[in-house]
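**Q** Just one file: input.cif, with mmCIF, N, CA and C atoms and all ligand atoms.
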```
data_final
#
loop_
_atom_site.label_atom_id
_atom_site.label_comp_id
_atom_site.auth_asym_id
_atom_site.auth_seq_id
_atom_site.Cartn_x
_atom_site.Cartn_y
_atom_site.Cartn_z
N MET D 1486 -6.87 -27.57 94.55
CA MET D 1486 -5.93 -28.44 95.26
C MET D 1486 -5.56 -29.61 94.32
N PRO D 1487 -4.28 -29.85 94.09
CA PRO D 1487 -3.92 -30.96 93.20
C PRO D 1487 -4.13 -32.31 93.86
N TYR D 1488 -4.37 -33.33 93.06
CA TYR D 1488 -4.44 -34.68 93.59
C TYR D 1488 -3.03 -35.18 93.86
N ARG D 1489 -2.91 -36.05 94.83
CA ARG D 1489 -1.60 -36.63 95.12
C ARG D 1489 -1.18 -37.58 94.00
N ARG D 1490 -2.15 -38.29 93.43
CA ARG D 1490 -1.82 -39.25 92.38
C ARG D 1490 -2.51 -38.85 91.10
N GLN D 1491 -1.72 -38.59 90.07
CA GLN D 1491 -2.28 -38.27 88.76
C GLN D 1491 -1.61 -39.19 87.75
N ALA D 1492 -2.23 -40.35 87.55
CA ALA D 1492 -1.62 -41.35 86.67
C ALA D 1492 -1.71 -40.95 85.21
N GLY D 1493 -2.65 -40.05 84.88
CA GLY D 1493 -2.82 -39.65 83.49
C GLY D 1493 -3.33 -40.79 82.62
N ASN D 1494 -4.05 -41.72 83.23
CA ASN D 1494 -4.55 -42.86 82.46
C ASN D 1494 -5.96 -42.54 81.95
N TRP D 1495 -6.00 -41.87 80.82
CA TRP D 1495 -7.28 -41.39 80.28
C TRP D 1495 -8.17 -42.53 79.81
N ASP D 1496 -7.57 -43.65 79.42
CA ASP D 1496 -8.39 -44.80 79.01
C ASP D 1496 -9.20 -45.32 80.21
N VAL D 1497 -8.62 -45.27 81.41
CA VAL D 1497 -9.36 -45.70 82.60
C VAL D 1497 -10.50 -44.71 82.87
N VAL D 1498 -10.22 -43.42 82.68
CA VAL D 1498 -11.28 -42.41 82.88
C VAL D 1498 -12.44 -42.69 81.91
N THR D 1499 -12.09 -42.96 80.65
CA THR D 1499 -13.13 -43.21 79.65
C THR D 1499 -13.91 -44.48 79.99
N PHE D 1500 -13.20 -45.49 80.47
CA PHE D 1500 -13.88 -46.73 80.85
C PHE D 1500 -14.80 -46.50 82.05
N GLU D 1501 -14.32 -45.78 83.06
CA GLU D 1501 -15.14 -45.55 84.25
C GLU D 1501 -16.33 -44.63 83.93
N LYS D 1502 -16.15 -43.73 82.98
CA LYS D 1502 -17.27 -42.89 82.51
C LYS D 1502 -18.37 -43.80 81.96
N TYR D 1503 -17.97 -44.78 81.16
CA TYR D 1503 -18.92 -45.75 80.61
C TYR D 1503 -19.59 -46.53 81.74
N ARG D 1504 -18.83 -46.90 82.77
CA ARG D 1504 -19.40 -47.66 83.89
C ARG D 1504 -20.42 -46.80 84.65
N VAL D 1505 -20.14 -45.50 84.78
CA VAL D 1505 -21.11 -44.61 85.43
C VAL D 1505 -22.40 -44.57 84.62
N GLU D 1506 -22.25 -44.46 83.30
CA GLU D 1506 -23.45 -44.43 82.44
C GLU D 1506 -24.28 -45.70 82.63
N GLU D 1507 -23.60 -46.84 82.69
CA GLU D 1507 -24.31 -48.11 82.87
C GLU D 1507 -25.00 -48.17 84.24
N THR D 1508 -24.32 -47.65 85.25
CA THR D 1508 -24.90 -47.65 86.60
C THR D 1508 -26.14 -46.77 86.65
N VAL D 1509 -26.05 -45.59 86.01
CA VAL D 1509 -27.19 -44.67 86.01
C VAL D 1509 -28.38 -45.32 85.29
N LYS D 1510 -28.10 -46.03 84.18
CA LYS D 1510 -29.18 -46.71 83.45
C LYS D 1510 -29.93 -47.68 84.36
N ALA D 1511 -29.19 -48.40 85.18
CA ALA D 1511 -29.83 -49.35 86.11
C ALA D 1511 -30.57 -48.60 87.21
N ASN D 1512 -29.97 -47.52 87.71
CA ASN D 1512 -30.58 -46.79 88.82
C ASN D 1512 -31.91 -46.16 88.44
N VAL D 1513 -32.04 -45.67 87.20
CA VAL D 1513 -33.32 -45.04 86.83
C VAL D 1513 -34.42 -46.08 86.69
N ILE D 1514 -34.03 -47.35 86.53
CA ILE D 1514 -35.04 -48.42 86.51
C ILE D 1514 -35.42 -48.82 87.94
N THR D 1515 -34.41 -48.98 88.80
CA THR D 1515 -34.73 -49.39 90.18
C THR D 1515 -35.27 -48.23 91.01
N ARG D 1516 -35.00 -46.99 90.62
CA ARG D 1516 -35.48 -45.80 91.34
C ARG D 1516 -36.17 -44.85 90.36
N PRO D 1517 -37.31 -45.27 89.78
CA PRO D 1517 -37.95 -44.43 88.74
C PRO D 1517 -38.32 -43.03 89.24
N ALA D 1518 -38.64 -42.90 90.52
CA ALA D 1518 -39.01 -41.58 91.05
C ALA D 1518 -37.83 -40.61 91.03
N ARG D 1519 -36.62 -41.14 90.98
CA ARG D 1519 -35.41 -40.30 91.01
C ARG D 1519 -34.88 -40.03 89.60
N LYS D 1520 -35.53 -40.58 88.57
CA LYS D 1520 -35.00 -40.54 87.19
C LYS D 1520 -34.62 -39.12 86.75
N ASP D 1521 -35.56 -38.18 86.84
CA ASP D 1521 -35.29 -36.83 86.31
C ASP D 1521 -34.12 -36.17 87.03
N ALA D 1522 -34.12 -36.25 88.36
CA ALA D 1522 -33.04 -35.62 89.13
C ALA D 1522 -31.70 -36.29 88.84
N LEU D 1523 -31.74 -37.61 88.75
CA LEU D 1523 -30.48 -38.34 88.52
C LEU D 1523 -29.90 -38.01 87.15
N GLU D 1524 -30.76 -37.98 86.14
CA GLU D 1524 -30.25 -37.68 84.80
C GLU D 1524 -29.84 -36.21 84.66
N ALA D 1525 -30.54 -35.32 85.36
CA ALA D 1525 -30.14 -33.90 85.32
C ALA D 1525 -28.73 -33.73 85.89
N TRP D 1526 -28.40 -34.56 86.86
CA TRP D 1526 -27.04 -34.54 87.42
C TRP D 1526 -26.06 -35.27 86.50
N SER D 1527 -26.43 -36.48 86.08
CA SER D 1527 -25.44 -37.36 85.43
C SER D 1527 -25.07 -36.91 84.02
N LYS D 1528 -26.03 -36.42 83.25
CA LYS D 1528 -25.71 -36.13 81.84
C LYS D 1528 -24.60 -35.10 81.69
N PRO D 1529 -24.72 -33.89 82.29
CA PRO D 1529 -23.63 -32.92 82.14
C PRO D 1529 -22.34 -33.36 82.80
N VAL D 1530 -22.46 -34.06 83.92
CA VAL D 1530 -21.27 -34.53 84.65
C VAL D 1530 -20.49 -35.54 83.80
N VAL D 1531 -21.20 -36.52 83.27
CA VAL D 1531 -20.57 -37.57 82.48
C VAL D 1531 -19.96 -36.97 81.20
N GLU D 1532 -20.68 -36.06 80.60
CA GLU D 1532 -20.18 -35.42 79.37
C GLU D 1532 -18.89 -34.66 79.66
N ALA D 1533 -18.86 -33.90 80.76
CA ALA D 1533 -17.67 -33.11 81.10
C ALA D 1533 -16.48 -34.01 81.42
N ILE D 1534 -16.72 -35.11 82.11
CA ILE D 1534 -15.63 -36.04 82.43
C ILE D 1534 -15.13 -36.70 81.15
N GLY D 1535 -16.04 -37.08 80.27
CA GLY D 1535 -15.64 -37.69 79.00
C GLY D 1535 -14.85 -36.73 78.14
N LYS D 1536 -15.26 -35.47 78.12
CA LYS D 1536 -14.54 -34.47 77.31
C LYS D 1536 -13.13 -34.24 77.86
N ALA D 1537 -13.01 -34.17 79.19
CA ALA D 1537 -11.69 -33.99 79.80
C ALA D 1537 -10.76 -35.14 79.40
N ALA D 1538 -11.32 -36.36 79.35
CA ALA D 1538 -10.51 -37.53 78.97
C ALA D 1538 -10.13 -37.46 77.49
N THR D 1539 -11.09 -37.08 76.64
CA THR D 1539 -10.80 -36.98 75.20
C THR D 1539 -9.74 -35.92 74.94
N ASP D 1540 -9.88 -34.80 75.65
CA ASP D 1540 -8.92 -33.69 75.47
C ASP D 1540 -7.62 -33.91 76.26
N LYS D 1541 -7.62 -34.93 77.13
CA LYS D 1541 -6.46 -35.21 78.01
C LYS D 1541 -6.06 -33.97 78.82
N LYS D 1542 -7.06 -33.37 79.47
CA LYS D 1542 -6.82 -32.14 80.24
C LYS D 1542 -7.05 -32.40 81.73
N PRO D 1543 -5.97 -32.54 82.51
CA PRO D 1543 -6.13 -32.82 83.94
C PRO D 1543 -6.97 -31.76 84.66
N GLN D 1544 -6.76 -30.48 84.34
CA GLN D 1544 -7.52 -29.44 85.05
C GLN D 1544 -9.01 -29.55 84.77
N SER D 1545 -9.34 -29.86 83.50
CA SER D 1545 -10.76 -30.03 83.16
C SER D 1545 -11.34 -31.24 83.88
N PHE D 1546 -10.53 -32.30 83.99
CA PHE D 1546 -11.01 -33.49 84.70
C PHE D 1546 -11.27 -33.17 86.16
N ILE D 1547 -10.33 -32.49 86.80
CA ILE D 1547 -10.48 -32.17 88.23
C ILE D 1547 -11.72 -31.32 88.45
N GLN D 1548 -11.93 -30.35 87.57
CA GLN D 1548 -13.12 -29.49 87.69
C GLN D 1548 -14.39 -30.32 87.52
N ALA D 1549 -14.39 -31.20 86.51
CA ALA D 1549 -15.58 -32.03 86.27
C ALA D 1549 -15.83 -32.97 87.45
N TYR D 1550 -14.75 -33.52 87.99
CA TYR D 1550 -14.86 -34.45 89.12
C TYR D 1550 -15.42 -33.71 90.35
N ASP D 1551 -14.87 -32.52 90.61
CA ASP D 1551 -15.37 -31.74 91.76
C ASP D 1551 -16.83 -31.32 91.54
N ASN D 1552 -17.19 -30.98 90.30
CA ASN D 1552 -18.58 -30.64 90.00
C ASN D 1552 -19.49 -31.85 90.24
N ALA D 1553 -19.00 -33.02 89.87
CA ALA D 1553 -19.78 -34.25 90.09
C ALA D 1553 -20.05 -34.43 91.59
N ILE D 1554 -19.01 -34.26 92.39
CA ILE D 1554 -19.15 -34.42 93.84
C ILE D 1554 -20.11 -33.36 94.40
N ALA D 1555 -19.97 -32.12 93.93
CA ALA D 1555 -20.88 -31.06 94.39
C ALA D 1555 -22.33 -31.45 94.07
N GLY D 1556 -22.52 -32.09 92.92
CA GLY D 1556 -23.87 -32.54 92.52
C GLY D 1556 -24.38 -33.65 93.42
N CYS D 1557 -23.50 -34.58 93.81
CA CYS D 1557 -23.89 -35.64 94.76
C CYS D 1557 -24.46 -34.97 96.01
N ASN D 1558 -23.69 -34.04 96.55
CA ASN D 1558 -24.06 -33.43 97.83
C ASN D 1558 -25.29 -32.54 97.71
N ALA D 1559 -25.42 -31.84 96.58
CA ALA D 1559 -26.61 -30.99 96.38
C ALA D 1559 -27.86 -31.85 96.33
N CYS D 1560 -27.77 -32.96 95.65
CA CYS D 1560 -28.94 -33.83 95.54
C CYS D 1560 -29.26 -34.44 96.90
N HIS D 1561 -28.24 -34.85 97.62
CA HIS D 1561 -28.47 -35.43 98.95
C HIS D 1561 -29.13 -34.43 99.89
N ALA D 1562 -28.76 -33.14 99.75
CA ALA D 1562 -29.37 -32.12 100.60
C ALA D 1562 -30.85 -31.95 100.25
N ALA D 1563 -31.20 -32.22 99.00
CA ALA D 1563 -32.57 -31.97 98.53
C ALA D 1563 -33.49 -33.17 98.68
N MET D 1564 -32.92 -34.36 98.89
CA MET D 1564 -33.76 -35.57 98.88
C MET D 1564 -33.62 -36.37 100.15
N GLY D 1565 -34.69 -37.04 100.49
CA GLY D 1565 -34.67 -37.94 101.63
C GLY D 1565 -34.70 -39.38 101.19
N GLY D 1566 -34.53 -40.28 102.15
CA GLY D 1566 -34.59 -41.70 101.85
C GLY D 1566 -34.99 -42.45 103.11
N GLY D 1567 -36.06 -43.21 103.04
CA GLY D 1567 -36.51 -43.96 104.22
C GLY D 1567 -36.70 -43.03 105.40
N PRO D 1568 -36.05 -43.31 106.54
CA PRO D 1568 -36.25 -42.48 107.74
C PRO D 1568 -35.50 -41.15 107.68
N LEU D 1569 -34.67 -40.95 106.68
CA LEU D 1569 -33.87 -39.72 106.60
C LEU D 1569 -34.62 -38.65 105.82
N LYS D 1570 -34.78 -37.46 106.43
CA LYS D 1570 -35.48 -36.36 105.74
C LYS D 1570 -34.64 -35.84 104.59
N THR D 1571 -33.32 -35.82 104.78
CA THR D 1571 -32.41 -35.54 103.66
C THR D 1571 -31.29 -36.57 103.73
N MET D 1572 -30.54 -36.65 102.65
CA MET D 1572 -29.40 -37.59 102.60
C MET D 1572 -28.09 -36.87 102.90
N SER D 1573 -28.18 -35.67 103.53
CA SER D 1573 -26.99 -34.86 103.80
C SER D 1573 -25.95 -35.57 104.66
N VAL D 1574 -26.37 -36.58 105.42
CA VAL D 1574 -25.39 -37.32 106.23
C VAL D 1574 -24.36 -38.01 105.32
N TYR D 1575 -24.78 -38.29 104.11
CA TYR D 1575 -23.84 -38.90 103.14
C TYR D 1575 -23.12 -37.78 102.40
N LYS D 1576 -22.10 -37.25 103.05
CA LYS D 1576 -21.32 -36.11 102.51
C LYS D 1576 -20.15 -36.69 101.71
N ILE D 1577 -20.17 -36.45 100.42
CA ILE D 1577 -19.14 -37.01 99.54
C ILE D 1577 -17.98 -36.02 99.43
N THR D 1578 -16.77 -36.53 99.50
CA THR D 1578 -15.57 -35.73 99.29
C THR D 1578 -14.68 -36.45 98.27
N ARG D 1579 -13.62 -35.77 97.88
CA ARG D 1579 -12.67 -36.43 96.97
C ARG D 1579 -12.12 -37.70 97.63
N ALA D 1580 -11.94 -38.72 96.81
CA ALA D 1580 -11.36 -39.95 97.34
C ALA D 1580 -9.91 -39.69 97.76
N ALA D 1581 -9.55 -40.12 98.97
CA ALA D 1581 -8.18 -39.92 99.47
C ALA D 1581 -7.29 -41.10 99.13
N SER D 1582 -7.91 -42.21 98.74
CA SER D 1582 -7.13 -43.40 98.40
C SER D 1582 -7.96 -44.22 97.41
N PRO D 1583 -7.31 -45.16 96.71
CA PRO D 1583 -8.09 -46.00 95.79
C PRO D 1583 -9.16 -46.77 96.55
N MET D 1584 -10.25 -47.09 95.84
CA MET D 1584 -11.37 -47.77 96.48
C MET D 1584 -10.95 -49.15 97.01
N PHE D 1585 -10.09 -49.84 96.27
CA PHE D 1585 -9.62 -51.16 96.68
C PHE D 1585 -8.09 -51.13 96.71
N ALA D 1586 -7.53 -51.45 97.86
CA ALA D 1586 -6.07 -51.38 98.03
C ALA D 1586 -5.34 -52.36 97.11
N ASN D 1587 -6.03 -53.41 96.68
CA ASN D 1587 -5.35 -54.42 95.88
C ASN D 1587 -5.61 -54.28 94.38
N ILE D 1588 -6.22 -53.16 93.98
CA ILE D 1588 -6.45 -52.94 92.55
C ILE D 1588 -5.78 -51.63 92.15
N GLY D 1589 -4.80 -51.71 91.28
CA GLY D 1589 -4.11 -50.52 90.79
C GLY D 1589 -4.57 -50.18 89.39
N VAL D 1590 -4.51 -48.90 89.03
CA VAL D 1590 -4.91 -48.50 87.67
C VAL D 1590 -3.82 -47.69 86.99
N ASN D 1591 -2.61 -47.75 87.53
CA ASN D 1591 -1.53 -47.02 86.86
C ASN D 1591 -1.17 -47.71 85.55
N PRO D 1592 -0.82 -46.92 84.52
CA PRO D 1592 -0.48 -47.54 83.24
C PRO D 1592 0.80 -48.36 83.35
C1 LIG Q 1601 -30.52 -37.61 92.00
C2 LIG Q 1601 -30.08 -37.32 93.34
C3 LIG Q 1601 -28.80 -37.98 93.82
C4 LIG Q 1601 -27.56 -37.87 93.30
C5 LIG Q 1601 -27.12 -37.04 92.09
C6 LIG Q 1601 -26.70 -38.67 94.13
N1 LIG Q 1601 -27.42 -39.27 95.12
FE1 LIG Q 1601 -26.70 -40.56 96.51
N2 LIG Q 1601 -28.58 -40.82 97.23
C7 LIG Q 1601 -29.71 -40.20 96.77
C8 LIG Q 1601 -30.87 -40.73 97.46
C9 LIG Q 1601 -32.30 -40.27 97.23
C10 LIG Q 1601 -30.39 -41.69 98.35
C11 LIG Q 1601 -31.23 -42.58 99.32
C12 LIG Q 1601 -31.42 -43.97 98.78
C13 LIG Q 1601 -32.47 -44.02 97.71
O1 LIG Q 1601 -33.58 -43.51 97.89
O2 LIG Q 1601 -32.17 -44.60 96.65
C14 LIG Q 1601 -28.94 -41.72 98.19
C15 LIG Q 1601 -28.10 -42.52 98.91
C16 LIG Q 1601 -26.73 -42.52 98.82
C17 LIG Q 1601 -25.85 -43.27 99.69
C18 LIG Q 1601 -26.29 -44.05 100.91
C19 LIG Q 1601 -26.09 -45.52 100.82
C20 LIG Q 1601 -26.92 -46.24 99.82
O3 LIG Q 1601 -26.40 -47.17 99.20
O4 LIG Q 1601 -28.10 -45.91 99.63
C21 LIG Q 1601 -24.59 -43.05 99.25
C22 LIG Q 1601 -23.28 -43.62 99.82
C23 LIG Q 1601 -24.67 -42.18 98.10
N3 LIG Q 1601 -25.99 -41.87 97.88
C24 LIG Q 1601 -23.58 -41.75 97.36
C25 LIG Q 1601 -23.70 -40.88 96.25
C26 LIG Q 1601 -22.56 -40.44 95.45
C27 LIG Q 1601 -21.11 -40.85 95.68
C28 LIG Q 1601 -23.07 -39.63 94.50
C29 LIG Q 1601 -22.34 -38.90 93.39
C30 LIG Q 1601 -21.34 -39.66 92.64
C31 LIG Q 1601 -24.51 -39.56 94.69
N4 LIG Q 1601 -24.84 -40.34 95.76
C32 LIG Q 1601 -25.36 -38.82 93.91
C33 LIG Q 1601 -29.76 -39.22 95.80
C34 LIG Q 1601 -28.70 -38.87 94.98
#
```
Can the structure from this file be put into structure tokens for me?
**A**
Amino acid sequence: MPYRRQAGNWDVVTFEKYRVEETVKANVITRPARKDALEAWSKPVVEAIGKAATDKKPQSFIQAYDNAIAGCNACHAAMGGGPLKTMSVYKITRAASPMFANIGVNP
């Protein structure tokens, strides 16, 4: 399924890839028990998203993005948190709109 908005702004993709890497670095410190699972998910996902941006390939990006989301949900199905036996209630889907209505990333 194509995205409604494809700005083709690969520099933003590369920047956000870096931000994900930084977030994961912090998360493995605050959640050491999750380190192995988190890195098993993040390393291939981040690499695939970065490669799609370097190659400027929208189809590769979409595939990498969907794989990332599938990984979120697979991990949530396998892990619990606090009173939740699994995190499956947190079902991630493709974003239907920008995270912040007042921040645009179009070139
Ligand atoms: C390594 C396994 C794992 C992966 C991968 C993962 N999560 Fe989670 N997620 C958890 C766990 C475990 C919790 C419960 C909180 C905790 O223990 O840190 C959680 C909690 C959450 C929550 C609940 C609110 C909160 O702040 O705790 C949200 C929202 C969430 N994850 C979103 C995502 C998204 C979006 C992705 C993918 C981009 C993702 N998660 C990938 C394991 C994962």
**Q** Find, counting only N, CA and C atoms and all ligand atoms, the residue in D:Ser1545, D:Thr1499, D:Thr1515, D:Gln1491 that gets nearest to ligand LIG 1601 (chain Q).
**A**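 For ligand LIG 1601 (chain Q), the nearest of the given residues is D:Thr1515.
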**Q** Give the residues close to ligand LIG 1601 (chain Q), within 7 Å, counting only N, CA and C atoms and all ligand atoms; write them as a VMD selection string.
**A** chain D and resid 1516 1519 to 1524 1526 to 1527 1553 to 1554 1556 to 1561 1564 to 1567 1572 1575 1577
**Q** I'd like the interatomic distance between atom CA of D:Lys1502 and atom CA of D:Ala1581, to a tenth of an Å.
**A**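 Going from atom CA of D:Lys1502 over to atom CA of D:Ala1581, I get 19.5 Å.
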**Q** Please, what distance in Å, to one decimal, runs between atom CA of D:Val1509 and atom CA of D:Ala1563?
**A**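 Computing it gives 18.6 Å between the two atoms.
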**Q** What separation in Å, quoted to one decimal, exists between atom N of D:Glu1506 and atom CA of D:Val1574?
**A**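 Taking atom N of D:Glu1506 and atom CA of D:Val1574, their separation equals 24.2 Å.
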**Q** Run DSSP on the backbone of this structure and report the residues of chain D it assigns to helix (DSSP H, G or I), as a ChimeraX atom specification.
**A** /D:1495-1515,1517-1540,1543-1563
**Q** Set up a box along x, y and z of the file covering all listed atoms of stretch 1552-1570 of chain D, add 3 Å on every one of the six sides, and write the centre and edge lengths in Å to one decimal, as AutoDock Vina command-line options.
**A**
```
--center_x -26.9 --center_y -37.3 --center_z 98.8 --size_x 25.5 --size_y 19.3 --size_z 23.9
```
